[in-house]
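Participant: Starting off with a structure, shown below.
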Amino acid sequence: MPYEALLVAVLALPFAGSFLAALFRANARNAESWLAGGVALASLALAGAAYPLMAEGGIARYSAAWVPGLGLEFVIRMDGLAWAMTMLIAGIGFLVVLYARYYMSPADPVPRFFSFLLAFMGSMFGIVLSGNLIQLVFFWELTSLFSFLLIGYWHQTAQAREGARMALIVTSAGGLCLFAGVLLLGHMAGSYDLDHVLAAGDAIRSHRLYVPALILVLLGALTKSAQFPFHFWLPHAMAAPTPVSAYLHSATMVKAGVFLLVRLWPAMGGTHEWLWLVGSAGLVTFILGAFLAVFQQDLKGLLAHSTISHLGLITLLIGLDSPLGQVAAIFHIMNHATFKASLFMAAGIIDHETGTRDIRRLSGLWRFMPITGTLAMVAAAAMAGVPLLNGFLSKEMFFAETIEIHDGSPVDRALPYVVTAASMFTVAYSLRFIRDVFFGPPPTGLPRTPHEPPTLMRLPAEVLVLACLVVGIVPGYTVGPILETAVRSVLGAAVPEYSLAVWHGFTPELLMSAFAMAGGIAVYFLLRSWLLVCEGPPLFRHINGRRIFDRVLVTLSWRLARRLEEIFGSRRLQPQLRLLAAVALLAALAPFYMQDLVPRSMARPELDAAFALVWAVGIACALGAAWQAKFHRLAALILLGGAGLATCITFVWLSAPDLALTQLVVETVTTVLLLLGLRWLPKRLEEISPPARIRWYRGSDFAFALASGAGLAALAYAAMTRPSPDSIADFFVENAYTKGGGTNVVNVILVDFRGFDTFGEITVLGAVALTVYALLRRFRPAPESVPVPEQQRVQDIDDDAHPDRKKGDTVRSAMAVPGLIMRLLFPVIAVVAVYLLLRGHDLPGGGFVAGVTMAVAFILQYMARGTTWVEDRLRILPVRWMATGLLLAGGTGLGAWLFAKPFLTSSFSYLEIPLIGEIPMASALLFDLGVFALVVGATVLILIALAHQSVRSRRAPRSREAEATTLAPMAELR
Amino acid sequence: MTALADHLIIAPVVLPLLAGAAMLAFGGDGRRRVSSAINVTSTLALAGIALALLLACDASPAGMLGVYRLGDWPAPFAIVLVADRLSTLMLLLTSLLATAAVVFSLARWHRAGAHFHSLFQFLLTGLNGTFLTGDLFNLFVFFELLLAASYGLALHGSGPARVRAGLHYVVVNLAASLLFLIGVSLIYGVSGTLNMADLAARIPAIRPEDRALLETGAGLLGIAFLVKAGMWPLCLWLPATYAAASPPVASVFAILTKVGAYVVLRLWLLLFGDGAGSSAQLGSDWLLVGGLATVAFGAICTLASQDMPRLAASSVLVSSGTVLAATGMAQVDITGGVLFYMVSSTLGIGALFLLIELIERGREPGADVIAVTREVYGEDFDSEGEVEVVGLVVPATMGMLGIAFIGCGLVIAGLPPLSGFIAKVALLGAALSPPAASEGASVPVASWVLLIVVIVSGLAALIAITRAGIRTFWASPDRVVPDVQLVEVAPVAALLLLCVIQTTHAGPIMRFMESAAQSLHAPGDYVRGVLGTPVLPRAPQGSGR
């Protein structure tokens with residue numbers, strides 16, 4: 001289908017052009033203009049080629065699957081309305097590009113400008129050509145984004161930044177509302193497809209969600225079209241380069257909102273809510289915009305407010321909810337685009353050639369730029385609604401429409417009078433634009449001497465003004481068919497009778513026009529002298545949209561957010577832990593609250609006196625540890641060891657020798673490592689009487705701890721005293737020997753049944769060791785912990801006092817005997833470790849216990865003779881040990897692949913060794929050896945990291961260079 | 001279990017583990033080039049494996065590639081690894097993010113501390129194991145592994161801010177691990193099994209008097225995951241930790257919160273789906289409310305963030321809150337949408353973390369604080385002298401960074417044209433069409449709240465991102481152009497490109513997500529796939545058959 005290709009081309013061209021434009025050199029003004037102009041012209045031509053189909057009332061449609069799961073199709077759909085809008089966007093786009101070529105300074109980096117402009121044009125095409133509402137929202141937000149970038153083109157000025165940000169936030173927020181509204185529409189209509197939605201008008205209007213959906217869609221449309229009360233962003237968007245303003249505020253951006261209203265009118269219009277919501281927004285905006293425009297001193301500010309006002313007029317027409325109203329609205333969308341674009345261009349020329357846009361400073365420009373003046377006059381006359389110009393025609397239709405009775409309310413009845421009065425202001429500001437700028441005495445003190453612009457810069461405005469004239473004089477031959485095409489696509493069969501004739505006879509609307517004209521001239525001359533000195537519009541002088549917006553934004557998005565973050569968050573650790581405990585308590589208790597714990601006869605465990613005593617000691621130790629933890633860490637640590645031993649005895653008591661053994665060695669090693677770390681913790685002194693607040697915190701912490709502990713104990717008791725369910729444990733017990741080849745079930749589980757867990761856990765240990773090492777390597781102790789401890793100082797003083805002793809002799813002599821024993825113990829412990837490793841599969845022991853035992857041997861050496869002594873004689877490479885362990889364990893696991901078995905499948909057999917005899921060999925032993933190596937490596941790495949701390953900080957107290965050298969021994973620990 | 005291809009399921013666990021060990025064996029930090037090479041190779045290979053697994057899963061009839069029984073022991077006694085759509089999706093997401101992060105780190109960050117590469121691979125091991133395992137205790141092990149490695153990585157680069165935030169992270173997560181262990185023990189004590197599928201089969205038959213204990217166990221387990229997922233009020237450690245972490249680490253951490261979300265999705269739907277007897281939908285309201293509160297809190301933090309790293313970290317909260325809340329809705333369509341959302345937001349946030357460091361590189365420290373203060377106390381609009389109104393040439397570097405920043409912002413705020421928007425359409429569209437989508441079926445209140453919260457949080461993100469972007473890109477024209485290398489920009493670009501692909505190929509990707517969601521909500525295939533034939537008698541269903 002040629003039309004399909006045409007649609008794709010229209011939509012794709014601007015984006016492709018945008019991408020290309022971004023690649024040009026910064027000063028490639030001509031090349032950029034050719035590219036952008038070419039794209040715009042090509043789009044225009046392509047769209048023009050679709051006219052025959054459009055004139056027949058056909059719809060061109062291209063669809064491609066996008067997200068079928070969500071009912072989303074990528075649909076490009078062109079009907080009459082979309083076609084007319086496309087022509088408008090492309091046509092004015094071309095003229096704006098031409099204009100921009102001369103407007104932009106040679107120093108302006110144009111690639112960015114044209115790239116954004118083309119992307120914006122593409123997004124606008126996207127909106128009008130969307131055949132799917134989600135897709136429409138998609139492009140809608142894109143226009144917000146690109147308009148933001150265009151408005152902020154001169155981002156080094158605060159005005160541009162603020163204006164861009166305001167436009168983005170207001171229109172995007174509206175876009176999000178529109179998104180929600182479209183989701184609701186899709187929900188109501190059962191599809192996001194535009195044709196479906198338009199056909200489901202009755203279902204939508206009668207749906208319960210109609211009003212919320214309408215409000216959301218309107219929020220989107222009204223923010224985009226700068227309707228009251230969201231109109232304030234538009235004047236600030238004037239910080240953009242004038243070509244951007246000319247484009248955004250005549251044919252595109254702001255027209256997207258009213259386009260959407262017209263588009264959705266068949267589906268959502270025709271209700272009381274529509275009439276009142278849309279109509280009143282339009283009416284208020286129309287009046288307010290016109291009123292404010294009169295009092296602007298900036299040419300672009302005046303045009304901006306007049307844009308707001310004219311969009312209000314269009315919105316009011318759409319809101320009046322009649323077919324004729326839609327016709328007038330569409331007609332005025334076109335007319336406003338032509339005259340407003342040319343006016344913006346004229347304003348830009350004036351700014352460009354005189355260096356100012358301040359109406360108070362400008363005057364008498366006619367003698368310097370008569371052609372520009374003529375163009376501006378004609379366009380302004382069209383804006384005011386002077387006969388024989390296009391603005392007059394749509395204004396007449398508008399007046400005629402306001403006279404009609406809609407719902408008969410007082411507002412409806414007063415409407416003709418109100419709009420006539422408001423139109424006086426329209427005439428007044430149009431007059432002001434011309435008279436104050438082009439007539440009067442010659443200007444004085446302008447930054448530049450005014451003169452006519454280059455011919456080509458004027459050309460776009462000339463074309464547009466010509467269009468205003470031609471349409472105004474012979475509407476039936478020019479705009480008639482186009483309007484007819486657009487209107488028919490919206491209204492379908494219900495196209496009302498309308499006439500585009502210039503002369504309808506003496507009608508009420510002609511009278512209204514006359515009144516508006518006369519009144520406007522009167523208003524202008526009454527206010528004239530005052531306008532030149534006034535400081536903003538009366539009544540509204542102190543209501544500054546920007547300031548309110550900023551205030552609200554800062555208050556909501558900054559001050560309030562900060563406050564709420566403080567209330568609902570915390571950056572301190574203690575409250576977080578308290579919260580965690582509280583939530584966990586809640587989660588644990590809730591099920592018992594929801595469904596009563598059914599009491600059951602629990603077997604009362606028999607209590608042995610000796611066992612109870614062990615537990616009494618253990619509990620006492622634990623309580624003592626908690627009691628002393630804050631100020632007497634050493635005591636707390638020792639008590640903690642006591643509690644650990646009680647646990648250890650418990651395991652033995654309950655016939656879990658493996659657990660007991662593990663617990664014992666782990667307890668030992670962790671206690672030693674913690675003791676080593678204790679040295680570096682700053683001393684805490686107990687306050688005599690802590691403040692009440694702190695006491696309260698401690699009290700509540702205590703309560704939490706108590707509740708958590710008691711809860712956990714209760715849970716454990718409940719879990720352990722109920723009959724155990726059919727458990728997978730039985731399988732392990734039954735198969736440990738027959739299939740796992742070991743009589744120690746625990747070990748078989750660890751290295752075989754659940755060897756994968758062990759594999760993971762040793763990696764955890766390795767990662768922890770690496771973390772500790774990495775952390776301690778950069779560790780700087782608290783200043784008060786740096787000096788040598790008191791004990792050592794006393795010893796040193798003592799050593800110094802005796803001439804025959806060297807520093808450290810006291811320690812050396814005190815440690816001489818224990819040190820010797822410890823050294824001798826090294827091979828013994830090593831043998832024990834190997835023994836534990838080898839017997840693990842059948843008797844209590846195993847790689848983990850063996851590894852920790854081996855580490856104990858190393859720890860003893862360090863303790864006996866100090867770091868330096870040990871490392872001078874013994875080169876331990878803990879990281880290599882770890883690597884070996886992991887690779888060995890992993891390699892054992894991988895070995896199974898050779899036998900086409902899954903990872904970690906073990907096998908065992910009996911190995912005949914001479915002298916010793918037949919011994920069982922399981923592949924799991926290799927795995928266990930890996931565990932052993934890793935545990936040794938990891939534990940020793942942590943130990944060394946701690947040990948080096950004292951070497952380092954004593955040798956190099958807080959100097960950077962010195963530290964670098966002392967890092968060297970650490971670097972060897974690979 | 002014969003062909004080498006069968007072992008592909010376990011490769012995502014074994015490969016990084018051995019790679020990490022090999023680096024240590026080759027000399028660790030002493031030979032960083034070797035480590036870097038191994039790290040990049042392994043991560044890339046993981047991405048390839050993950051993609052192969054994902055495609056294979058999608059092509060297999062039940063959406064499950066297979067069950068890997070470790071040690072050749074039968075389920076439910078052995079540990080099993082299960083590759084289905086969700087787990088392979090997570091594998092792929094992880095490896096893609098990891099590839100970007102590791103390449104990024106090669107420029108400078110991997111030199112900032114010890115054993116970065118090994119810890120990185122161990123983190124991947126933990127992550128992949130978590131996603132693949134079908135065993136509750138094994139899940140704990142891999143959870144611990146990823147946490148242990150993440151402790152090291154969070155502290156990577158050192159410095160007071162990192163150590164402070166990192167230690168908070170360590171302490172909170174250790175406490176959560178304790179809860180995890182208690183929860184697992186309770187569940188095992190009541191049900192007698194650790195295999196997830198077996199557990200799902202046994203839960204309907206749990207005696208009523210044991211149910212409270214079971215639910216307590218599940219609750220504690222849930223808290224542990226929710227800490228990881230960053231649910232308010234258990235998430236207060238998160239913004240500081242993520243903001244302080246070194247950029248490549250923070251980027252990978254974007255997936256860590258999703259681990260919590262993943263486990264919730266997996267376990268909760270498996271164990272407490274509609275077939276769980278009286279425990280069905282246990283805690284769904286809490287999940288929903290907590291998730292919504294998290295989104296709200298995240299949005300507040302986003303707005304209140306004074307600098308970009310914290311902004312990105314707060315977006316993590318918004319993202320995981322959305323996932324949790326949507327999971328709590330327990331509807332197939334929403335779950336499908338939220339999977340799409342999860343992928344998109346994780347990629348976007350991951351890219352943002354990397355990008356921020358590049359942007360901030362040329363700036364004075366503390367510039368943001370001053371800028372914010374000036375904004376709040378009224379930057380005088382017109383006082384700013386006459387600035388020459390001629391456009392500035394944006395240096396190519398800044399231009400690229402700017403485009404990337406806009407891209408990340410769009411993904412995170414959920415605006416077109418990138419995947420964040422499609423994700424929101426999927427999520428909210430599904431929320432508005434409840435399963436009983438008959439005429440006049442009313443939309444539940446929860447859906448409305450979700451709609452409002454998600455849209456408002458998107459606006460908050462937009463405002464915050466715009467503020468930060470204008471401040472850094474526009475308001476400081478004379479800033480130093482950062483010295484950025486190709487290996488640093490390329491990962492960001494690649495992640496964003498993935499978001500673009502997710503938009504253009506949204507159709508097939510969405511279909512995949514929907515299939516994944518369907519299997520999650522109907523875990524029968526999963527249970528049958530793991531257990532083969534039921535090993536233990538099921539609950540008597542009342543019928544006499």
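Residues are named by chain letter and number: chains run A, B, ... in the order of the structure tokens, numbers start at 1 in each chain, and ligands are numbered from 1 in the order shown.
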Using only C-alpha atoms, which protein or nucleic acid residues come within 10 Å of Asp436 in chain A? Drop anything in the same chain fewer than 3 positions from it, and give the result as a list in words.
Facilitator: Ile359, Arg360, Arg361, Leu362, Ser363, Gly364, Leu365, Leu431, Arg432, Phe433, Phe439, Gly440, Pro441, Arg528 and Leu532 of chain A
Participant: List the neighbours of Met104 in chain A out to 9 Å using only C-alpha atoms; skip same-chain residues closer than 4 positions along the sequence, and give me the result as a list of chain:residue names.
Facilitator: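 Once the adjacent positions are removed, what remains is A:Arg29, A:Tyr99, A:Ala100, A:Asp108, A:Pro109, A:Val110, A:Pro241, A:Pro243, B:Val390.
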Participant: Write out the residues from the selection above, keeping N, CA and C atoms, as a compact mmCIF listing (two decimals), in the first residue's frame.
Facilitator:
```txt
# COMPACT_ATOMS: atom_id res chain seq x y z
N ARG A 29 25.45 26.19 9.68
CA ARG A 29 24.09 26.74 9.63
C ARG A 29 23.36 26.39 8.35
N TYR A 99 13.21 30.72 8.60
CA TYR A 99 13.34 31.90 9.44
C TYR A 99 14.52 31.74 10.39
N ALA A 100 14.63 30.53 10.95
CA ALA A 100 15.67 30.29 11.95
C ALA A 100 17.06 30.40 11.32
N ASP A 108 25.83 30.66 17.31
CA ASP A 108 24.99 29.65 17.96
C ASP A 108 25.29 28.27 17.39
N PRO A 109 25.47 27.29 18.26
CA PRO A 109 25.70 25.94 17.74
C PRO A 109 24.38 25.36 17.25
N VAL A 110 24.18 25.36 15.93
CA VAL A 110 22.87 25.00 15.41
C VAL A 110 22.55 23.51 15.36
N PRO A 241 14.53 30.73 21.88
CA PRO A 241 14.78 31.51 20.66
C PRO A 241 13.44 31.73 19.94
N PRO A 243 12.30 31.60 16.86
CA PRO A 243 11.73 30.59 15.95
C PRO A 243 11.03 29.47 16.72
N VAL B 390 23.89 33.79 23.40
CA VAL B 390 24.30 33.04 22.23
C VAL B 390 24.53 31.64 22.74
```
Participant: Please identify which residues in range 129-372 of chain B DSSP calls helix (DSSP H, G or I) from the backbone, and express them as a ChimeraX atom specification.
Facilitator: /B:129-132,136-154,160-191,196-205,208-229,237-244,247-271,277-279,284-304,308-328,332-360,367-372
Participant: Interatomic distance between CA of Ala494 in chain A and CA of Ser322 in chain A?
Facilitator: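 So the answer is 10.4 Å.
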Participant: Quick one: everything within 7 Å of Gly183 in chain B, counting only C-alpha atoms, minus sequence neighbours fewer than 4 positions away in the same chain. Send it as a list in words.
Facilitator: Leu179, Ile187, Gly217, Ala218, Leu220 and Leu221 of chain B
Participant: Since we have the selection now, will you write its residues out, keeping all heavy atoms, as a PDB file, in the first residue's frame?
Facilitator:
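Below is the file that was written, part-v4.pdb:
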```pdb
ATOM      1  N   LEU B 179      17.443 -13.884  61.014  1.00  0.00           N
ATOM      2  CA  LEU B 179      16.003 -14.147  60.880  1.00  0.00           C
ATOM      3  C   LEU B 179      15.754 -15.206  59.809  1.00  0.00           C
ATOM      4  O   LEU B 179      14.882 -16.064  59.955  1.00  0.00           O
ATOM      5  CB  LEU B 179      15.271 -12.861  60.508  1.00  0.00           C
ATOM      6  CG  LEU B 179      15.263 -11.776  61.575  1.00  0.00           C
ATOM      7  CD1 LEU B 179      14.554 -10.548  61.052  1.00  0.00           C
ATOM      8  CD2 LEU B 179      14.562 -12.293  62.820  1.00  0.00           C
ATOM      9  N   ILE B 187      10.406 -23.621  59.483  1.00  0.00           N
ATOM     10  CA  ILE B 187       9.680 -24.271  58.387  1.00  0.00           C
ATOM     11  C   ILE B 187      10.101 -25.723  58.279  1.00  0.00           C
ATOM     12  O   ILE B 187       9.266 -26.629  58.127  1.00  0.00           O
ATOM     13  CB  ILE B 187       9.928 -23.509  57.062  1.00  0.00           C
ATOM     14  CG1 ILE B 187       9.234 -22.157  57.138  1.00  0.00           C
ATOM     15  CG2 ILE B 187       9.407 -24.299  55.886  1.00  0.00           C
ATOM     16  CD1 ILE B 187       9.414 -21.313  55.928  1.00  0.00           C
ATOM     17  N   GLY B 217       7.380 -18.930  60.711  1.00  0.00           N
ATOM     18  CA  GLY B 217       8.617 -19.167  59.970  1.00  0.00           C
ATOM     19  C   GLY B 217       8.610 -18.422  58.651  1.00  0.00           C
ATOM     20  O   GLY B 217       9.577 -17.729  58.293  1.00  0.00           O
ATOM     21  N   ALA B 218       7.482 -18.525  57.954  1.00  0.00           N
ATOM     22  CA  ALA B 218       7.382 -17.842  56.660  1.00  0.00           C
ATOM     23  C   ALA B 218       7.498 -16.338  56.846  1.00  0.00           C
ATOM     24  O   ALA B 218       8.134 -15.648  56.047  1.00  0.00           O
ATOM     25  CB  ALA B 218       6.075 -18.201  55.989  1.00  0.00           C
ATOM     26  N   LEU B 220       9.101 -14.676  59.246  1.00  0.00           N
ATOM     27  CA  LEU B 220      10.484 -14.280  59.534  1.00  0.00           C
ATOM     28  C   LEU B 220      11.336 -14.366  58.268  1.00  0.00           C
ATOM     29  O   LEU B 220      12.166 -13.496  57.997  1.00  0.00           O
ATOM     30  CB  LEU B 220      11.065 -15.176  60.627  1.00  0.00           C
ATOM     31  CG  LEU B 220      10.445 -14.951  62.000  1.00  0.00           C
ATOM     32  CD1 LEU B 220      11.002 -15.943  63.002  1.00  0.00           C
ATOM     33  CD2 LEU B 220      10.708 -13.528  62.479  1.00  0.00           C
ATOM     34  N   LEU B 221      11.094 -15.421  57.514  1.00  0.00           N
ATOM     35  CA  LEU B 221      11.791 -15.573  56.241  1.00  0.00           C
ATOM     36  C   LEU B 221      11.505 -14.364  55.346  1.00  0.00           C
ATOM     37  O   LEU B 221      12.401 -13.784  54.740  1.00  0.00           O
ATOM     38  CB  LEU B 221      11.275 -16.844  55.572  1.00  0.00           C
ATOM     39  CG  LEU B 221      12.178 -17.615  54.641  1.00  0.00           C
ATOM     40  CD1 LEU B 221      13.446 -17.985  55.351  1.00  0.00           C
ATOM     41  CD2 LEU B 221      11.466 -18.860  54.162  1.00  0.00           C
TER      42      LEU B 221
END
```
Participant: Could you give me, as a ChimeraX atom specification, the residues within 8 Å of range 424-429 of chain B, counting only C-alpha atoms and dropping anything in the same chain fewer than 3 positions from it?
Facilitator: /A:70,134,183,187 /B:326,333-338,340-341,414,420-421,432-433,447,450-451
